[in-house]
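To be precise, the following lines are run-v2.cif, and they hold mmCIF, C-alpha atoms and all ligand atoms.
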```
data_my_file
#
loop_
_atom_site.group_PDB
_atom_site.id
_atom_site.type_symbol
_atom_site.label_atom_id
_atom_site.label_comp_id
_atom_site.auth_asym_id
_atom_site.auth_seq_id
_atom_site.Cartn_x
_atom_site.Cartn_y
_atom_site.Cartn_z
ATOM 1 C CA MET H 29 70.764 106.719 95.000
ATOM 2 C CA THR H 30 72.094 110.279 95.149
ATOM 3 C CA ALA H 31 75.375 111.744 93.981
ATOM 4 C CA ARG H 32 77.899 112.909 96.564
ATOM 5 C CA ASP H 33 80.644 115.415 95.773
ATOM 6 C CA PRO H 34 83.787 113.217 96.080
ATOM 7 C CA HIS H 35 85.947 116.137 97.242
ATOM 8 C CA ARG H 36 83.571 116.665 100.166
ATOM 9 C CA PHE H 37 83.690 113.034 101.247
ATOM 10 C CA VAL H 38 87.288 112.104 100.368
ATOM 11 C CA ALA H 39 87.632 109.959 103.493
ATOM 12 C CA GLU H 40 84.901 107.613 102.254
ATOM 13 C CA LEU H 41 86.392 106.954 98.803
ATOM 14 C CA ASP H 42 88.113 103.739 97.740
ATOM 15 C CA ASP H 43 91.806 103.774 96.770
ATOM 16 C CA ALA H 44 91.110 103.658 93.018
ATOM 17 C CA THR H 45 88.874 106.757 93.199
ATOM 18 C CA ILE H 46 91.426 108.603 95.367
ATOM 19 C CA ASP H 47 94.119 107.784 92.770
ATOM 20 C CA ARG H 48 91.835 109.072 90.002
ATOM 21 C CA LEU H 49 91.313 112.355 91.910
ATOM 22 C CA ILE H 50 95.049 112.699 92.606
ATOM 23 C CA ASN H 51 95.794 112.252 88.889
ATOM 24 C CA ARG H 52 93.073 114.739 87.982
ATOM 25 C CA LEU H 53 94.399 117.387 90.420
ATOM 26 C CA GLU H 54 97.955 116.959 89.152
ATOM 27 C CA SER H 55 97.065 116.929 85.438
ATOM 28 C CA ARG H 56 94.709 119.881 85.958
ATOM 29 C CA GLY H 57 97.529 121.796 87.640
ATOM 30 C CA LYS H 58 99.640 121.488 84.481
ATOM 31 C CA ASP H 59 96.798 122.499 82.166
ATOM 32 C CA ALA H 60 97.171 125.860 80.411
ATOM 33 C CA VAL H 61 93.626 126.852 81.455
ATOM 34 C CA PHE H 62 94.403 126.277 85.144
ATOM 35 C CA THR H 63 97.716 128.140 84.914
ATOM 36 C CA ARG H 64 96.244 131.137 83.090
ATOM 37 C CA LEU H 65 93.382 131.586 85.569
ATOM 38 C CA PHE H 66 95.618 131.092 88.609
ATOM 39 C CA ASP H 67 98.400 133.418 87.377
ATOM 40 C CA ALA H 68 95.879 136.173 86.590
ATOM 41 C CA TYR H 69 94.509 136.523 90.117
ATOM 42 C CA VAL H 70 97.768 135.771 91.935
ATOM 43 C CA ALA H 71 99.399 138.659 90.018
ATOM 44 C CA ARG H 72 96.667 140.953 91.388
ATOM 45 C CA MET H 73 97.417 139.804 94.961
ATOM 46 C CA ARG H 74 100.901 141.396 94.794
ATOM 47 C CA LEU H 75 102.379 138.857 97.213
ATOM 48 C CA SER H 76 105.686 139.880 98.735
ATOM 49 C CA PRO H 77 108.629 137.488 98.171
ATOM 50 C CA SER H 78 108.757 136.802 101.925
ATOM 51 C CA ALA H 79 104.994 136.291 102.350
ATOM 52 C CA GLN H 80 103.558 133.703 104.727
ATOM 53 C CA ILE H 81 100.765 132.142 102.667
ATOM 54 C CA LEU H 82 98.076 129.606 103.575
ATOM 55 C CA GLU H 83 96.188 127.509 101.057
ATOM 56 C CA ILE H 84 92.999 126.029 102.523
ATOM 57 C CA GLY H 85 92.023 122.806 100.733
ATOM 58 C CA CYS H 86 95.386 122.315 99.042
ATOM 59 C CA GLY H 87 94.736 118.849 97.590
ATOM 60 C CA THR H 88 98.016 117.453 96.241
ATOM 61 C CA GLY H 89 99.757 120.821 96.593
ATOM 62 C CA VAL H 90 99.684 122.146 93.020
ATOM 63 C CA VAL H 91 99.043 125.746 94.155
ATOM 64 C CA VAL H 92 101.460 125.520 97.093
ATOM 65 C CA ARG H 93 104.301 124.272 94.858
ATOM 66 C CA THR H 94 103.565 126.886 92.171
ATOM 67 C CA LEU H 95 103.846 129.683 94.748
ATOM 68 C CA ALA H 96 106.925 128.229 96.455
ATOM 69 C CA ARG H 97 108.939 127.777 93.237
ATOM 70 C CA ARG H 98 108.528 131.420 92.218
ATOM 71 C CA GLU H 99 111.793 133.210 91.443
ATOM 72 C CA GLY H 100 113.191 134.860 94.594
ATOM 73 C CA PHE H 101 110.536 133.452 96.954
ATOM 74 C CA SER H 102 111.871 133.386 100.519
ATOM 75 C CA GLY H 103 108.576 133.014 102.444
ATOM 76 C CA ARG H 104 106.577 129.952 103.372
ATOM 77 C CA VAL H 105 103.459 128.364 101.909
ATOM 78 C CA THR H 106 101.333 126.155 104.162
ATOM 79 C CA GLY H 107 98.799 123.781 102.621
ATOM 80 C CA ILE H 108 95.995 122.221 104.650
ATOM 81 C CA ASP H 109 93.603 119.555 103.410
ATOM 82 C CA GLN H 110 91.169 117.112 104.996
ATOM 83 C CA SER H 111 92.592 114.154 103.060
ATOM 84 C CA PRO H 112 95.629 112.354 104.526
ATOM 85 C CA ALA H 113 96.160 110.696 101.102
ATOM 86 C CA PHE H 114 96.300 114.075 99.337
ATOM 87 C CA ILE H 115 98.625 115.504 102.011
ATOM 88 C CA GLU H 116 100.966 112.527 101.739
ATOM 89 C CA THR H 117 101.121 113.033 97.949
ATOM 90 C CA ALA H 118 101.632 116.793 98.435
ATOM 91 C CA ARG H 119 104.588 116.215 100.784
ATOM 92 C CA ARG H 120 106.195 113.694 98.417
ATOM 93 C CA LEU H 121 105.825 115.883 95.302
ATOM 94 C CA ALA H 122 107.148 118.999 97.070
ATOM 95 C CA ALA H 123 110.136 117.017 98.410
ATOM 96 C CA GLU H 124 110.849 115.653 94.904
ATOM 97 C CA GLU H 125 111.045 119.253 93.680
ATOM 98 C CA GLY H 126 113.342 120.260 96.574
ATOM 99 C CA LEU H 127 110.804 122.751 97.932
ATOM 100 C CA ASP H 128 110.729 121.460 101.549
ATOM 101 C CA GLN H 129 112.330 124.587 102.938
ATOM 102 C CA HIS H 130 109.457 126.775 101.749
ATOM 103 C CA VAL H 131 106.408 124.548 102.150
ATOM 104 C CA GLU H 132 104.570 122.688 104.838
ATOM 105 C CA PHE H 133 101.460 120.501 104.703
ATOM 106 C CA ARG H 134 98.967 119.546 107.376
ATOM 107 C CA VAL H 135 95.760 117.539 107.582
ATOM 108 C CA GLY H 136 92.877 119.661 108.845
ATOM 109 C CA ASP H 137 89.230 120.596 108.422
ATOM 110 C CA ALA H 138 88.741 123.908 106.609
ATOM 111 C CA HIS H 139 85.742 124.692 108.830
ATOM 112 C CA ALA H 140 87.765 124.631 112.066
ATOM 113 C CA LEU H 141 91.512 125.015 111.631
ATOM 114 C CA GLU H 142 93.983 124.693 114.476
ATOM 115 C CA GLU H 143 96.002 127.730 113.420
ATOM 116 C CA GLU H 144 96.861 130.905 115.265
ATOM 117 C CA ASP H 145 94.844 134.097 114.490
ATOM 118 C CA GLY H 146 96.381 136.562 112.029
ATOM 119 C CA ARG H 147 99.299 134.276 111.247
ATOM 120 C CA TYR H 148 99.283 134.649 107.445
ATOM 121 C CA ASP H 149 99.846 137.526 105.011
ATOM 122 C CA ALA H 150 97.520 135.901 102.507
ATOM 123 C CA VAL H 151 95.057 133.018 102.342
ATOM 124 C CA ILE H 152 94.111 131.270 99.084
ATOM 125 C CA ILE H 153 91.023 129.084 98.632
ATOM 126 C CA HIS H 154 91.277 127.627 95.126
ATOM 127 C CA THR H 155 88.367 125.510 93.826
ATOM 128 C CA VAL H 156 87.370 124.497 97.358
ATOM 129 C CA VAL H 157 84.278 126.526 98.367
ATOM 130 C CA SER H 158 82.216 124.650 95.758
ATOM 131 C CA HIS H 159 82.995 121.418 97.640
ATOM 132 C CA VAL H 160 82.880 122.188 101.374
ATOM 133 C CA THR H 161 79.945 121.596 103.729
ATOM 134 C CA ASP H 162 79.612 125.247 104.820
ATOM 135 C CA PRO H 163 81.378 127.932 102.713
ATOM 136 C CA LEU H 164 80.732 130.741 105.236
ATOM 137 C CA SER H 165 82.530 128.878 108.056
ATOM 138 C CA VAL H 166 85.522 128.359 105.783
ATOM 139 C CA LEU H 167 85.610 132.065 104.872
ATOM 140 C CA ARG H 168 85.362 132.986 108.574
ATOM 141 C CA GLU H 169 88.387 130.786 109.222
ATOM 142 C CA ALA H 170 90.252 132.525 106.378
ATOM 143 C CA ALA H 171 89.321 135.931 107.828
ATOM 144 C CA ARG H 172 90.559 134.859 111.271
ATOM 145 C CA LEU H 173 93.872 133.469 110.024
ATOM 146 C CA VAL H 174 94.890 136.341 107.738
ATOM 147 C CA ARG H 175 96.614 139.315 109.362
ATOM 148 C CA ILE H 176 94.909 142.720 109.526
ATOM 149 C CA GLY H 177 95.272 144.236 106.042
ATOM 150 C CA GLY H 178 96.115 140.822 104.563
ATOM 151 C CA MET H 179 94.365 139.342 101.549
ATOM 152 C CA VAL H 180 92.003 136.399 101.084
ATOM 153 C CA ALA H 181 91.591 135.096 97.522
ATOM 154 C CA VAL H 182 88.695 132.825 96.628
ATOM 155 C CA PHE H 183 88.648 131.245 93.189
ATOM 156 C CA ASP H 184 86.068 128.798 91.838
ATOM 157 C CA GLY H 185 83.738 127.971 88.991
ATOM 158 C CA ASP H 186 80.107 128.945 88.652
ATOM 159 C CA TYR H 187 79.276 125.354 87.839
ATOM 160 C CA GLU H 188 75.644 125.935 86.921
ATOM 161 C CA SER H 189 77.152 127.428 83.756
ATOM 162 C CA LEU H 190 79.135 124.259 82.965
ATOM 163 C CA THR H 191 78.034 122.858 79.610
ATOM 164 C CA TYR H 192 79.212 120.395 76.952
ATOM 165 C CA ALA H 193 77.899 120.173 73.394
ATOM 166 C CA TYR H 194 75.904 117.028 72.630
ATOM 167 C CA PRO H 195 73.746 116.380 69.547
ATOM 168 C CA ASP H 196 70.705 115.330 71.606
ATOM 169 C CA HIS H 197 70.133 118.555 73.537
ATOM 170 C CA ALA H 198 67.802 117.041 76.121
ATOM 171 C CA VAL H 199 70.335 114.331 77.019
ATOM 172 C CA GLY H 200 73.134 116.922 76.890
ATOM 173 C CA ARG H 201 71.308 119.078 79.432
ATOM 174 C CA ALA H 202 70.654 116.082 81.650
ATOM 175 C CA MET H 203 74.356 115.185 81.525
ATOM 176 C CA ASP H 204 75.423 118.768 82.325
ATOM 177 C CA ARG H 205 73.083 118.685 85.318
ATOM 178 C CA ALA H 206 74.250 115.246 86.436
ATOM 179 C CA LEU H 207 77.926 116.265 86.195
ATOM 180 C CA VAL H 208 77.287 119.302 88.379
ATOM 181 C CA GLU H 209 75.303 117.293 90.914
ATOM 182 C CA THR H 210 77.965 114.600 91.043
ATOM 183 C CA ALA H 211 80.978 116.842 91.375
ATOM 184 C CA PHE H 212 79.966 119.943 93.351
ATOM 185 C CA ASN H 213 78.248 120.374 96.686
ATOM 186 C CA ASN H 214 77.779 124.138 96.130
ATOM 187 C CA PRO H 215 77.592 124.785 92.375
ATOM 188 C CA LEU H 216 76.089 128.287 92.820
ATOM 189 C CA VAL H 217 78.354 129.488 95.618
ATOM 190 C CA MET H 218 80.297 132.086 93.612
ATOM 191 C CA ARG H 219 77.068 134.025 92.868
ATOM 192 C CA GLY H 220 76.746 134.763 96.566
ATOM 193 C CA MET H 221 80.444 135.295 97.258
ATOM 194 C CA ALA H 222 80.278 139.102 97.714
ATOM 195 C CA GLN H 223 77.716 138.612 100.513
ATOM 196 C CA LEU H 224 79.604 135.668 102.050
ATOM 197 C CA LEU H 225 82.862 137.641 102.194
ATOM 198 C CA SER H 226 81.078 140.551 103.833
ATOM 199 C CA ASP H 227 79.421 138.182 106.342
ATOM 200 C CA ALA H 228 82.870 136.780 107.117
ATOM 201 C CA GLY H 229 84.108 140.307 107.935
ATOM 202 C CA LEU H 230 86.210 140.779 104.790
ATOM 203 C CA GLU H 231 86.203 143.766 102.415
ATOM 204 C CA LEU H 232 85.910 142.963 98.730
ATOM 205 C CA GLU H 233 88.671 144.682 96.756
ATOM 206 C CA GLU H 234 88.550 143.222 93.261
ATOM 207 C CA THR H 235 86.913 140.501 91.174
ATOM 208 C CA LEU H 236 88.081 138.751 88.006
ATOM 209 C CA ALA H 237 85.631 136.947 85.717
ATOM 210 C CA ASP H 238 86.410 134.487 82.927
ATOM 211 C CA VAL H 239 84.436 132.469 80.446
ATOM 212 C CA VAL H 240 86.581 129.402 79.962
ATOM 213 C CA ALA H 241 85.745 127.700 76.685
ATOM 214 C CA GLU H 242 87.451 124.882 74.840
ATOM 215 C CA ILE H 243 86.297 124.793 71.246
ATOM 216 C CA GLY H 244 87.672 122.440 68.598
ATOM 217 C CA THR H 245 90.280 121.124 70.996
ATOM 218 C CA GLY H 246 89.997 120.351 74.684
ATOM 219 C CA SER H 247 91.979 119.180 77.697
ATOM 220 C CA TYR H 248 90.696 120.854 80.883
ATOM 221 C CA PHE H 249 87.034 119.926 80.316
ATOM 222 C CA VAL H 250 87.945 116.545 78.814
ATOM 223 C CA SER H 251 89.749 115.553 81.995
ATOM 224 C CA MET H 252 86.794 116.869 84.032
ATOM 225 C CA ALA H 253 84.382 114.718 81.991
ATOM 226 C CA GLU H 254 86.611 111.639 82.251
ATOM 227 C CA THR H 255 86.916 112.037 86.036
ATOM 228 C CA TYR H 256 83.282 112.677 86.913
ATOM 229 C CA ALA H 257 81.192 110.923 84.197
ATOM 230 C CA PRO H 258 81.877 107.419 85.608
ATOM 231 C CA MET H 259 80.604 108.659 89.007
ATOM 232 C CA ILE H 260 77.270 109.630 87.403
ATOM 233 C CA SER H 261 76.537 106.025 86.461
ATOM 234 C CA SER H 262 77.889 104.564 89.685
ATOM 235 C CA SER H 263 75.674 106.911 91.733
ATOM 236 C CA GLY H 264 72.673 105.883 89.615
ATOM 237 C CA LEU H 265 71.866 109.426 88.455
ATOM 238 C CA LEU H 266 71.741 108.371 84.793
ATOM 239 C CA PRO H 267 71.957 104.961 83.113
ATOM 240 C CA ALA H 268 75.493 103.774 82.294
ATOM 241 C CA GLU H 269 74.697 103.400 78.536
ATOM 242 C CA LYS H 270 73.698 107.086 78.328
ATOM 243 C CA VAL H 271 76.793 108.230 80.199
ATOM 244 C CA ASP H 272 79.102 106.004 78.123
ATOM 245 C CA ALA H 273 77.559 107.228 74.858
ATOM 246 C CA TRP H 274 77.961 110.842 76.004
ATOM 247 C CA LEU H 275 81.619 110.324 76.943
ATOM 248 C CA ALA H 276 82.308 108.506 73.661
ATOM 249 C CA GLU H 277 80.762 111.463 71.798
ATOM 250 C CA GLN H 278 83.048 113.909 73.659
ATOM 251 C CA HIS H 279 86.080 111.846 72.538
ATOM 252 C CA ARG H 280 84.738 111.642 68.967
ATOM 253 C CA ALA H 281 84.221 115.425 68.895
ATOM 254 C CA LEU H 282 87.772 115.851 70.142
ATOM 255 C CA ASP H 283 89.144 113.645 67.347
ATOM 256 C CA TRP H 284 87.081 115.486 64.738
ATOM 257 C CA GLY H 285 87.926 118.969 66.005
ATOM 258 C CA THR H 286 84.313 119.791 66.923
ATOM 259 C CA PHE H 287 84.567 119.624 70.724
ATOM 260 C CA PHE H 288 82.785 122.363 72.735
ATOM 261 C CA ALA H 289 82.656 122.850 76.497
ATOM 262 C CA ALA H 290 82.477 125.992 78.640
ATOM 263 C CA CYS H 291 82.082 127.293 82.200
ATOM 264 C CA ASN H 292 82.362 130.655 83.974
ATOM 265 C CA TYR H 293 85.067 131.136 86.621
ATOM 266 C CA TYR H 294 85.515 133.924 89.176
ATOM 267 C CA ALA H 295 88.228 135.162 91.515
ATOM 268 C CA PHE H 296 87.298 137.343 94.506
ATOM 269 C CA LEU H 297 90.072 139.248 96.281
ATOM 270 C CA ALA H 298 89.171 140.626 99.715
ATOM 271 C CA ARG H 299 91.045 142.132 102.670
ATOM 272 C CA ARG H 300 90.755 141.850 106.414
ATOM 273 C CA PRO H 301 89.969 145.469 107.209
ATOM 274 C CA VAL H 302 92.148 147.495 109.537
ATOM 275 C CA SER H 303 89.085 148.899 111.343
ATOM 276 C CA ALA H 304 87.740 145.461 112.309
ATOM 277 C CA GLY H 305 90.841 145.015 114.510
HETATM 278 C C1 LIG Z 1 89.070 120.438 93.667
HETATM 279 S S1 LIG Z 1 90.151 120.112 95.003
HETATM 280 C C2 LIG Z 1 91.259 121.519 94.912
HETATM 281 C C3 LIG Z 1 92.647 121.244 95.429
HETATM 282 C C4 LIG Z 1 93.649 122.371 95.230
HETATM 283 N N1 LIG Z 1 93.180 123.599 95.819
HETATM 284 C C5 LIG Z 1 93.946 122.563 93.765
HETATM 285 O O1 LIG Z 1 93.408 123.514 93.195
HETATM 286 O O2 LIG Z 1 94.684 121.762 93.195
HETATM 287 C C6 LIG Z 1 89.185 120.441 96.442
HETATM 288 C C7 LIG Z 1 89.942 120.154 97.715
HETATM 289 O O3 LIG Z 1 89.205 120.614 98.838
HETATM 290 C C8 LIG Z 1 89.439 119.708 99.889
HETATM 291 N N2 LIG Z 1 88.396 119.844 100.899
HETATM 292 C C9 LIG Z 1 87.062 119.701 100.758
HETATM 293 N N3 LIG Z 1 86.437 119.875 101.944
HETATM 294 C C10 LIG Z 1 87.405 120.146 102.857
HETATM 295 C C11 LIG Z 1 87.397 120.418 104.251
HETATM 296 N N4 LIG Z 1 86.265 120.445 104.945
HETATM 297 N N5 LIG Z 1 88.574 120.649 104.871
HETATM 298 C C12 LIG Z 1 89.741 120.623 104.178
HETATM 299 N N6 LIG Z 1 89.813 120.346 102.849
HETATM 300 C C13 LIG Z 1 88.662 120.121 102.187
HETATM 301 C C14 LIG Z 1 89.422 118.346 99.203
HETATM 302 O O4 LIG Z 1 89.991 117.338 100.021
HETATM 303 C C15 LIG Z 1 90.198 118.660 97.937
HETATM 304 O O5 LIG Z 1 91.561 118.456 98.097
#
```

Starting from the coordinates I provided, produce the structure as structure tokens.
Amino acid sequence: MTARDPHRFVAELDDATIDRLINRLESRGKDAVFTRLFDAYVARMRLSPSAQILEIGCGTGVVVRTLARREGFSGRVTGIDQSPAFIETARRLAAEEGLDQHVEFRVGDAHALEEEDGRYDAVIIHTVVSHVTDPLSVLREAARLVRIGGMVAVFDGDYESLTYAYPDHAVGRAMDRALVETAFNNPLVMRGMAQLLSDAGLELEETLADVVAEIGTGSYFVSMAETYAPMISSSGLLPAEKVDAWLAEQHRALDWGTFFAACNYYAFLARRPVSAG
């Protein structure tokens, strides 16, 4: 059996797995690591209060809601995702927060969106390119939908650098590898992002790089392990006993204050050039 990135094949997942992913997206959105990384690159985008913003691959709408609830925001944030279940959750959560006036959600495929050219001031693609079938097509769609001079922001992890401490190093490496294979269709995509953006007709303006590490305590990487480790055994990549022992060790390390996990993350900010018309 082989592992299949669940975010790439959301339509094929059972209800329990969809619920697990919804909970993961929502809890991740409240995590201090997520907030710090997101705030850092969004600040650099210098979005105007009346901006028309598109998020491609919006999941349950964490990013859309964060942008829409900003003090003085009078624009509109549109979120598009392939998953009807995620979009339904996104609509409900935004309505519960009273954000309806400033948000809208649609089901759609990031590779071929039914949106008008140049309609948005900014396009955000947050932890999506590592999951899609063809990153370049998605970036071409972003380049088409942003107005001339508008900004496209792409944020994701360099998941080949994802690692957790484990006393048996050989098993630890195998688990790191299995996690990456299970969760990400394109774990190396951010290494080629400068070329992909150029191929999509966008001009790179700025990059931000972060080593995210949780040492002693953990939440972001703990939730990641809890979400994806069970999928390693169910896909047959590693035996269930090995995966269970590894997960138990992560929880033990957390209790004892010896937890260690890390991964590199990057944000790329690019513009649709004026000359390209
Ligand atoms: C890790 S989630 C990120 C969600 C959201 N951006 C966030 O940060 O909370 C990846 C998202 O990409 C979406 N996705 C993957 N492939 C897609 C495609 N071809 N078209 C639209 N959405 C897609 C998944 O459904 C999922 O919601």

I would like the residues chosen by the PyMOL selection byres (((chain H and resi 82) around 12) and not hetatm) on the shown file; could you give them as a CSV table (one decimal) with C-alpha atoms, in the coordinates of the input?
```csv
chain,number,residue,atom,x,y,z
H,79,ALA,CA,105.0,136.3,102.4
H,80,GLN,CA,103.6,133.7,104.7
H,81,ILE,CA,100.8,132.1,102.7
H,83,GLU,CA,96.2,127.5,101.1
H,84,ILE,CA,93.0,126.0,102.5
H,85,GLY,CA,92.0,122.8,100.7
H,86,CYS,CA,95.4,122.3,99.0
H,89,GLY,CA,99.8,120.8,96.6
H,91,VAL,CA,99.0,125.7,94.2
H,92,VAL,CA,101.5,125.5,97.1
H,93,ARG,CA,104.3,124.3,94.9
H,95,LEU,CA,103.8,129.7,94.7
H,96,ALA,CA,106.9,128.2,96.5
H,103,GLY,CA,108.6,133.0,102.4
H,104,ARG,CA,106.6,130.0,103.4
H,105,VAL,CA,103.5,128.4,101.9
H,106,THR,CA,101.3,126.2,104.2
H,107,GLY,CA,98.8,123.8,102.6
H,108,ILE,CA,96.0,122.2,104.6
H,109,ASP,CA,93.6,119.6,103.4
H,130,HIS,CA,109.5,126.8,101.7
H,131,VAL,CA,106.4,124.5,102.2
H,132,GLU,CA,104.6,122.7,104.8
H,133,PHE,CA,101.5,120.5,104.7
H,134,ARG,CA,99.0,119.5,107.4
H,138,ALA,CA,88.7,123.9,106.6
H,141,LEU,CA,91.5,125.0,111.6
H,143,GLU,CA,96.0,127.7,113.4
H,144,GLU,CA,96.9,130.9,115.3
H,146,GLY,CA,96.4,136.6,112.0
H,147,ARG,CA,99.3,134.3,111.2
H,148,TYR,CA,99.3,134.6,107.4
H,149,ASP,CA,99.8,137.5,105.0
H,150,ALA,CA,97.5,135.9,102.5
H,151,VAL,CA,95.1,133.0,102.3
H,152,ILE,CA,94.1,131.3,99.1
H,153,ILE,CA,91.0,129.1,98.6
H,154,HIS,CA,91.3,127.6,95.1
H,169,GLU,CA,88.4,130.8,109.2
H,170,ALA,CA,90.3,132.5,106.4
H,171,ALA,CA,89.3,135.9,107.8
H,172,ARG,CA,90.6,134.9,111.3
H,173,LEU,CA,93.9,133.5,110.0
H,174,VAL,CA,94.9,136.3,107.7
H,175,ARG,CA,96.6,139.3,109.4
H,178,GLY,CA,96.1,140.8,104.6
H,179,MET,CA,94.4,139.3,101.5
H,180,VAL,CA,92.0,136.4,101.1
H,181,ALA,CA,91.6,135.1,97.5
```

Picked residues, the PyMOL selection byres (((chain H and resi 188) around 9) and not hetatm), expected as a PyMOL selection string: chain H and resi 185-187+189-191+204-205+208+215-216+291-292

Generate a file of the selected residues that holds C-alpha atoms, formatted as an mmCIF file, keeping the file's coordinate frame.
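The result, written out as selection_7.cif:
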```
data_model
loop_
_atom_site.group_PDB
_atom_site.id
_atom_site.type_symbol
_atom_site.label_atom_id
_atom_site.label_comp_id
_atom_site.auth_asym_id
_atom_site.auth_seq_id
_atom_site.Cartn_x
_atom_site.Cartn_y
_atom_site.Cartn_z
ATOM 1 C CA GLY H 185 83.738 127.971 88.991
ATOM 2 C CA ASP H 186 80.107 128.945 88.652
ATOM 3 C CA TYR H 187 79.276 125.354 87.839
ATOM 4 C CA SER H 189 77.152 127.428 83.756
ATOM 5 C CA LEU H 190 79.135 124.259 82.965
ATOM 6 C CA THR H 191 78.034 122.858 79.610
ATOM 7 C CA ASP H 204 75.423 118.768 82.325
ATOM 8 C CA ARG H 205 73.083 118.685 85.318
ATOM 9 C CA VAL H 208 77.287 119.302 88.379
ATOM 10 C CA PRO H 215 77.592 124.785 92.375
ATOM 11 C CA LEU H 216 76.089 128.287 92.820
ATOM 12 C CA CYS H 291 82.082 127.293 82.200
ATOM 13 C CA ASN H 292 82.362 130.655 83.974
#
```

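Nearest residue to Met259 in chain H among H:Gln223, H:Thr161, H:Thr210, H:Thr155 is H:Thr210, counting all atoms listed in the file.
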
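Going from CA of Asp227 in chain H to CA of Arg299 in chain H covers 12.8 Å.
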
Using only C-alpha atoms and all ligand atoms: which of H:Leu41, H:Val239, H:Ala228, H:Leu282 has the shortest distance to ligand LIG 1 (chain Z):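 Smallest distance to ligand LIG 1 (chain Z) is found for H:Leu41.
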
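What separates atom C8 of ligand LIG 1 (chain Z) from CA of Val38 in chain H is a distance of 7.9 Å.
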
Nearest to Arg300 in chain H by atom-to-atom distance, counting all atoms listed in the file, from H:Ser247, H:Ser226, H:Asn214, H:Thr94: H:Ser226

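Going from CA of Arg74 in chain H to atom C3 of ligand LIG 1 (chain Z) covers 21.8 Å.
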
Minimum-distance residue to ligand LIG 1 (chain Z), chosen among H:Ala253, H:Leu127, H:Val135, H:Met73 (using all atoms listed in the file): H:Val135

Counting only C-alpha atoms, the option among H:Phe287, H:Trp274, H:Tyr248, H:Phe296 closest to Ser55 in chain H: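 The answer is H:Tyr248, which sits nearest to Ser55 in chain H.
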
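Among the candidates H:Ser165, H:Thr117, H:Asn213, H:Gln110, the one nearest to ligand LIG 1 (chain Z) when counting all atoms listed in the file is H:Gln110.
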
Selection near Ala71 in chain H, 12 Å with only C-alpha atoms, sequence-local residues under 5 positions removed, as a list of chain:residue names: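 In the requested form, the answer reads H:Thr63, H:Arg64, H:Leu65, H:Phe66, H:Ser76, H:Leu95, H:Arg98, H:Ala181, H:Leu236, H:Ala295, H:Leu297.
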